[in-house]
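J.: Structure file run05.json (JSON, C-alpha atoms) right here:
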[["chain", "number", "residue", "atom", "x", "y", "z"],
["A", 482, "MET", "CA", 0.00, 0.00, 0.00],
["A", 483, "THR", "CA", 2.84, 2.37, 0.80],
["A", 484, "MET", "CA", 4.52, 1.65, -2.53],
["A", 485, "TRP", "CA", 1.25, 2.29, -4.39],
["A", 486, "ARG", "CA", 0.84, 5.70, -2.72],
["A", 487, "GLY", "CA", 4.43, 6.62, -3.50],
["A", 488, "THR", "CA", 4.02, 5.69, -7.17],
["A", 489, "THR", "CA", 0.81, 7.69, -7.38],
["A", 490, "GLY", "CA", 2.51, 10.67, -5.78],
["A", 491, "ARG", "CA", 5.36, 10.54, -8.28],
["A", 492, "SER", "CA", 2.89, 10.32, -11.18],
["A", 493, "ALA", "CA", 0.95, 13.31, -9.85],
["A", 494, "SER", "CA", 4.21, 15.21, -9.48],
["A", 495, "ARG", "CA", 5.20, 14.42, -13.07],
["A", 496, "ARG", "CA", 1.78, 15.54, -14.32],
["A", 497, "ALA", "CA", 2.10, 18.79, -12.37],
["A", 498, "ARG", "CA", 5.57, 19.42, -13.83],
["A", 499, "ARG", "CA", 4.22, 18.66, -17.30],
["A", 500, "ARG", "CA", 1.36, 21.13, -16.80],
["A", 501, "ASP", "CA", 3.80, 23.79, -15.59],
["A", 502, "THR", "CA", 6.04, 23.19, -18.61],
["A", 503, "VAL", "CA", 3.12, 23.42, -21.04],
["A", 504, "ARG", "CA", 1.89, 26.58, -19.30],
["A", 505, "LEU", "CA", 5.34, 28.19, -19.61],
["A", 506, "LEU", "CA", 5.68, 27.23, -23.28],
["A", 507, "ARG", "CA", 2.25, 28.67, -24.02],
["A", 508, "ALA", "CA", 3.16, 31.89, -22.23],
["A", 509, "GLN", "CA", 6.28, 32.12, -24.41],
["A", 510, "GLY", "CA", 4.29, 31.33, -27.55],
["A", 511, "ARG", "CA", 6.33, 28.16, -28.24],
["A", 512, "HIS", "CA", 3.81, 25.42, -27.43],
["A", 513, "GLY", "CA", 1.47, 25.97, -30.35],
["A", 514, "PRO", "CA", -2.33, 25.86, -30.44],
["A", 515, "GLU", "CA", -4.41, 22.97, -29.14],
["A", 516, "PHE", "CA", -6.29, 20.69, -31.52],
["A", 517, "ARG", "CA", -9.68, 22.20, -30.68],
["A", 518, "GLU", "CA", -8.28, 25.65, -31.57],
["A", 519, "VAL", "CA", -7.16, 24.58, -35.06],
["A", 520, "LEU", "CA", -10.09, 22.24, -35.79],
["A", 521, "PRO", "CA", -12.35, 24.93, -37.40],
["A", 522, "ALA", "CA", -9.55, 26.14, -39.67],
["A", 523, "LEU", "CA", -8.59, 22.54, -40.50],
["A", 524, "THR", "CA", -12.18, 21.74, -41.40],
["A", 525, "VAL", "CA", -12.41, 24.75, -43.69],
["A", 526, "LEU", "CA", -9.09, 23.80, -45.31],
["A", 527, "VAL", "CA", -10.28, 20.25, -46.00],
["A", 528, "LEU", "CA", -13.54, 21.54, -47.51],
["A", 529, "VAL", "CA", -11.67, 24.01, -49.71],
["A", 530, "LEU", "CA", -9.25, 21.30, -50.89],
["A", 531, "CYS", "CA", -12.11, 18.93, -51.68],
["A", 532, "ALA", "CA", -13.95, 21.66, -53.58],
["A", 533, "GLY", "CA", -10.76, 22.52, -55.47],
["A", 534, "VAL", "CA", -10.13, 18.92, -56.46],
["A", 535, "ALA", "CA", -13.75, 18.54, -57.60],
["A", 536, "GLY", "CA", -13.50, 21.75, -59.60],
["A", 537, "LEU", "CA", -10.25, 20.64, -61.24],
["A", 538, "ALA", "CA", -11.76, 17.31, -62.17],
["A", 539, "ALA", "CA", -14.83, 18.98, -63.67],
["A", 540, "GLY", "CA", -12.67, 21.49, -65.55],
["A", 541, "TYR", "CA", -10.39, 18.77, -66.83],
["A", 542, "ARG", "CA", -13.34, 16.82, -68.21],
["A", 543, "ALA", "CA", -14.81, 19.94, -69.80],
["A", 544, "LEU", "CA", -11.73, 21.77, -71.14],
["A", 545, "GLY", "CA", -8.86, 19.32, -70.96],
["A", 546, "VAL", "CA", -5.36, 19.58, -69.52],
["A", 547, "VAL", "CA", -5.22, 23.39, -69.73],
["A", 548, "VAL", "CA", -7.29, 23.73, -66.53],
["A", 549, "PRO", "CA", -4.71, 22.10, -64.19],
["A", 550, "PHE", "CA", -1.91, 24.17, -65.74],
["A", 551, "VAL", "CA", -3.83, 27.42, -65.21],
["A", 552, "PHE", "CA", -4.62, 26.41, -61.62],
["A", 553, "LEU", "CA", -0.97, 25.65, -60.83],
["A", 554, "ALA", "CA", 0.11, 28.97, -62.37],
["A", 555, "LEU", "CA", -2.39, 30.87, -60.23],
["A", 556, "LEU", "CA", -1.30, 28.91, -57.16],
["A", 557, "ALA", "CA", 2.34, 29.83, -57.79],
["A", 558, "VAL", "CA", 1.38, 33.52, -57.76],
["A", 559, "VAL", "CA", -1.19, 33.54, -54.94],
["A", 560, "VAL", "CA", 0.67, 31.45, -52.33],
["A", 561, "PRO", "CA", 3.79, 33.69, -52.07],
["A", 562, "LEU", "CA", 1.57, 36.79, -51.90],
["A", 563, "ALA", "CA", -0.51, 35.24, -49.12],
["A", 564, "VAL", "CA", 2.60, 34.22, -47.17],
["A", 565, "ARG", "CA", 4.06, 37.74, -47.41],
["A", 566, "ALA", "CA", 0.73, 39.25, -46.34],
["A", 567, "LEU", "CA", 0.35, 36.98, -43.30],
["A", 568, "ARG", "CA", 3.98, 37.04, -42.12],
["A", 569, "PRO", "CA", 3.86, 40.45, -40.32],
["A", 570, "ALA", "CA", 0.73, 39.46, -38.37],
["A", 571, "ALA", "CA", 2.32, 36.16, -37.33],
["A", 572, "ARG", "CA", 5.49, 37.99, -36.25],
["A", 573, "ARG", "CA", 3.49, 40.44, -34.14],
["A", 574, "ARG", "CA", 1.58, 37.59, -32.48],
["A", 575, "ARG", "CA", 4.98, 36.22, -31.42],
["A", 576, "GLY", "CA", 5.77, 39.56, -29.77],
["A", 577, "ARG", "CA", 8.11, 41.12, -32.35],
["A", 578, "TYR", "CA", 7.49, 44.55, -33.83],
["A", 579, "THR", "CA", 9.34, 46.84, -36.20],
["A", 580, "THR", "CA", 10.20, 50.44, -35.31],
["A", 581, "GLU", "CA", 7.51, 51.69, -37.70],
["A", 582, "GLU", "CA", 4.86, 49.40, -36.18],
["A", 583, "ILE", "CA", 5.66, 50.56, -32.64],
["A", 584, "ALA", "CA", 5.50, 54.22, -33.72],
["A", 585, "ALA", "CA", 2.07, 53.73, -35.35],
["A", 586, "LEU", "CA", 0.38, 52.24, -32.25],
["A", 587, "ASP", "CA", -1.94, 54.20, -29.98],
["A", 588, "ALA", "CA", -1.81, 53.73, -26.19],
["A", 589, "ALA", "CA", -4.15, 50.71, -26.23],
["A", 590, "GLY", "CA", -2.27, 49.11, -29.13],
["A", 591, "LEU", "CA", 1.04, 49.66, -27.36],
["A", 592, "ALA", "CA", -0.35, 47.98, -24.24],
["A", 593, "SER", "CA", -1.34, 44.95, -26.34],
["A", 594, "ALA", "CA", 2.12, 44.89, -27.96],
["A", 595, "VAL", "CA", 3.84, 45.03, -24.56],
["A", 596, "SER", "CA", 1.60, 42.18, -23.35],
["A", 597, "ARG", "CA", 2.76, 40.04, -26.27],
["A", 598, "MET", "CA", 6.40, 40.93, -25.69],
["A", 599, "LEU", "CA", 6.09, 39.99, -22.03],
["A", 600, "ARG", "CA", 4.55, 36.63, -22.95],
["A", 601, "ARG", "CA", 7.37, 36.10, -25.44],
["A", 602, "ASP", "CA", 9.81, 36.57, -22.55],
["A", 603, "GLY", "CA", 8.01, 34.01, -20.36],
["A", 604, "TRP", "CA", 5.73, 36.27, -18.27],
["A", 605, "SER", "CA", 2.14, 35.48, -17.35],
["A", 606, "VAL", "CA", 0.16, 38.57, -18.35],
["A", 607, "ARG", "CA", -3.28, 39.78, -17.36],
["A", 608, "PRO", "CA", -5.37, 41.53, -20.03],
["A", 609, "PRO", "CA", -4.62, 45.30, -20.09],
["A", 610, "SER", "CA", -6.76, 47.27, -17.63],
["A", 611, "GLY", "CA", -7.65, 50.95, -17.43],
["A", 612, "ASP", "CA", -8.95, 53.02, -20.32],
["A", 613, "ARG", "CA", -7.57, 53.42, -23.85],
["A", 614, "VAL", "CA", -5.68, 56.58, -22.91],
["A", 615, "ARG", "CA", -3.98, 55.26, -19.75],
["A", 616, "PRO", "CA", -3.91, 51.46, -19.93],
["A", 617, "ARG", "CA", -1.93, 49.32, -17.47],
["A", 618, "VAL", "CA", -0.44, 45.87, -17.91],
["A", 619, "ARG", "CA", 0.25, 43.57, -14.96],
["A", 620, "ALA", "CA", 2.48, 40.52, -15.25],
["A", 621, "ARG", "CA", 4.17, 37.85, -13.16],
["A", 622, "HIS", "CA", 7.34, 35.90, -13.97],
["A", 623, "PRO", "CA", 7.91, 32.26, -12.91],
["A", 624, "ARG", "CA", 11.02, 33.43, -11.03],
["A", 625, "GLY", "CA", 8.81, 35.52, -8.76],
["A", 626, "HIS", "CA", 9.06, 38.99, -10.32],
["A", 627, "ARG", "CA", 5.88, 41.05, -10.40],
["A", 628, "LEU", "CA", 5.56, 43.92, -12.83],
["A", 629, "GLU", "CA", 3.15, 46.72, -13.62],
["A", 630, "VAL", "CA", 3.61, 48.60, -16.89],
["A", 631, "VAL", "CA", 2.19, 52.07, -17.52],
["A", 632, "PHE", "CA", 2.53, 54.21, -20.63],
["A", 633, "ARG", "CA", 3.27, 57.83, -21.30],
["A", 634, "PRO", "CA", 2.58, 59.88, -24.44],
["A", 635, "VAL", "CA", 5.52, 61.62, -26.04],
["A", 636, "ALA", "CA", 6.84, 64.65, -24.13],
["A", 637, "GLU", "CA", 4.51, 64.26, -21.14],
["A", 638, "PRO", "CA", 6.49, 64.98, -17.94],
["A", 639, "LEU", "CA", 6.60, 62.44, -15.13],
["A", 640, "PRO", "CA", 7.66, 64.27, -11.95],
["A", 641, "ASP", "CA", 4.53, 66.42, -11.73],
["A", 642, "GLU", "CA", 2.11, 63.51, -12.04],
["A", 643, "ASP", "CA", 0.20, 62.05, -9.15],
["A", 644, "PRO", "CA", 1.98, 59.03, -7.68],
["A", 645, "PRO", "CA", 0.74, 55.74, -9.17],
["A", 646, "GLY", "CA", -1.54, 53.59, -7.04],
["A", 647, "ALA", "CA", -0.36, 50.69, -4.96],
["A", 648, "GLY", "CA", 0.61, 47.68, -7.03],
["A", 649, "PRO", "CA", 3.42, 45.23, -7.68],
["A", 650, "PRO", "CA", 6.87, 46.10, -6.35],
["A", 651, "LEU", "CA", 8.27, 47.01, -9.77],
["A", 652, "LEU", "CA", 6.72, 49.75, -11.88],
["A", 653, "LEU", "CA", 7.91, 50.04, -15.50],
["A", 654, "ILE", "CA", 7.11, 53.32, -17.26],
["A", 655, "VAL", "CA", 7.23, 52.93, -21.04],
["A", 656, "HIS", "CA", 7.73, 56.01, -23.18],
["A", 657, "ARG", "CA", 8.23, 56.06, -26.96],
["A", 658, "GLY", "CA", 10.08, 59.35, -26.67],
["A", 659, "THR", "CA", 13.08, 60.35, -24.57],
["A", 660, "PHE", "CA", 13.00, 60.91, -20.81],
["A", 661, "SER", "CA", 14.54, 64.12, -19.56],
["A", 662, "ALA", "CA", 17.30, 64.26, -16.94],
["A", 663, "ARG", "CA", 14.67, 65.52, -14.50],
["A", 664, "ASP", "CA", 12.54, 62.44, -15.21],
["A", 665, "ALA", "CA", 15.53, 60.17, -14.59],
["A", 666, "ARG", "CA", 16.28, 61.88, -11.26],
["A", 667, "TRP", "CA", 12.64, 61.55, -10.26],
["A", 668, "ALA", "CA", 12.65, 57.81, -11.03],
["A", 669, "ARG", "CA", 15.90, 57.19, -9.16],
["A", 670, "HIS", "CA", 14.30, 58.49, -5.96],
["A", 671, "ARG", "CA", 11.26, 56.21, -6.35],
["A", 672, "ALA", "CA", 11.96, 52.69, -5.14],
["A", 673, "GLY", "CA", 10.88, 50.01, -7.59],
["A", 674, "THR", "CA", 10.43, 52.37, -10.56],
["A", 675, "ARG", "CA", 12.13, 51.79, -13.92],
["A", 676, "LEU", "CA", 12.04, 53.87, -17.10],
["A", 677, "MET", "CA", 12.01, 52.47, -20.62],
["A", 678, "ASP", "CA", 12.54, 55.08, -23.33],
["A", 679, "GLY", "CA", 12.02, 54.72, -27.07],
["A", 680, "ALA", "CA", 15.48, 53.28, -27.75],
["A", 681, "LEU", "CA", 15.06, 50.49, -25.18],
["A", 682, "LEU", "CA", 11.49, 49.86, -26.35],
["A", 683, "ARG", "CA", 12.65, 49.34, -29.93],
["A", 684, "ARG", "CA", 15.29, 46.84, -28.79],
["A", 685, "TRP", "CA", 12.70, 45.00, -26.71],
["A", 686, "ALA", "CA", 10.28, 44.91, -29.64],
["A", 687, "ASP", "CA", 13.08, 43.55, -31.86],
["A", 688, "GLY", "CA", 13.52, 40.53, -29.59],
["A", 689, "THR", "CA", 15.95, 41.48, -26.80],
["A", 690, "PRO", "CA", 14.64, 40.00, -23.50],
["A", 691, "LEU", "CA", 13.34, 42.48, -20.95],
["A", 692, "ASP", "CA", 15.77, 41.39, -18.23],
["A", 693, "ARG", "CA", 18.71, 42.42, -20.47],
["A", 694, "LEU", "CA", 17.31, 45.93, -20.83],
["A", 695, "VAL", "CA", 15.89, 46.71, -17.39],
["A", 696, "ASP", "CA", 17.09, 45.84, -13.90],
["A", 697, "LEU", "CA", 14.26, 43.68, -12.52],
["A", 698, "ARG", "CA", 15.71, 43.38, -9.00]]
Just give me the structure as structure tokens.

T.:
Amino acid sequence: MTMWRGTTGRSASRRARRRDTVRLLRAQGRHGPEFREVLPALTVLVLVLCAGVAGLAAGYRALGVVVPFVFLALLAVVVPLAVRALRPAARRRRGRYTTEEIAALDAAGLASAVSRMLRRDGWSVRPPSGDRVRPRVRARHPRGHRLEVVFRPVAEPLPDEDPPGAGPPLLLIVHRGTFSARDARWARHRAGTRLMDGALLRRWADGTPLDRLVDLR
């Protein structure tokens, strides 16, 4: 009986570790979708393929071998165009943005981009809260770090703002512009506050992990 309980405990422990590993991979965007998530798209793809094959067969019987050749020629043109059109969206879903894409985002879009970048770096992220003008992103890292991200429009000063509300120990203030020396002095005197200017934000969006850009201690 003792051996049976020990074996069951080890199995439960392995399952828990497996769940934790899958959860981390999903947070980093490396695990891939589940079957139920791709089933609708797979069904549509099968139906489209079946319809295409039926159409080719009907065209071949009606017009001869020219129909398959025309279809293959169209496929050779359409597929590369579709891949090029979908590649930027897939890259952004993985948490990578170009300088131009970051510059074009509004405050809400920037909050969504930061959420994806945090997930890319292994953070568990809550959906952005607040309004579209002043959104906030809260995240937790498996190593125990807690983070709250707030955003500032270009050229808006920090030192004269009201102090942010109580939250996680580390507050990251993201700004697509450049912080002034006065802003930097203000942040140095606030425990647990970090500044990320436009240059650091662009490096983060390009794939550099957050912990290489900002001191998370």

J.: Near A:His656, counting only C-alpha atoms, which residues have an atom at most 9 Å away, once you skip same-chain residues fewer than 2 positions from it, shown as a list in words?

T.: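 Listed by chain and then number, they are Val631, Phe632, Arg633, Pro634, Val635, Ala636, Ile654, Gly658, Thr659, Phe660, Leu676, Met677, Asp678, Gly679 and Leu682 of chain A.
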
J.: Between A:Val614, A:Leu697, A:Val548, A:Ala539, which has the minimum distance to A:Ala592 (counting all atoms listed in the file)?

T.: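 Answer, going by the shortest atom-to-atom distance: A:Val614.
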
J.: With a distance cut-off of 9 Å and all atoms listed in the file, select the neighbouring residues of A:Pro650, excluding the residue or stretch itself and same-chain residues fewer than 2 positions from it, and output the selection as a PyMOL selection string.

T.: chain A and resi 626-629+647-648+652+672-674

J.: Would you compute the distance between atom CA of A:Pro616 and atom CA of A:Val630? Give it in Å to one decimal.

T.: 8.6 Å
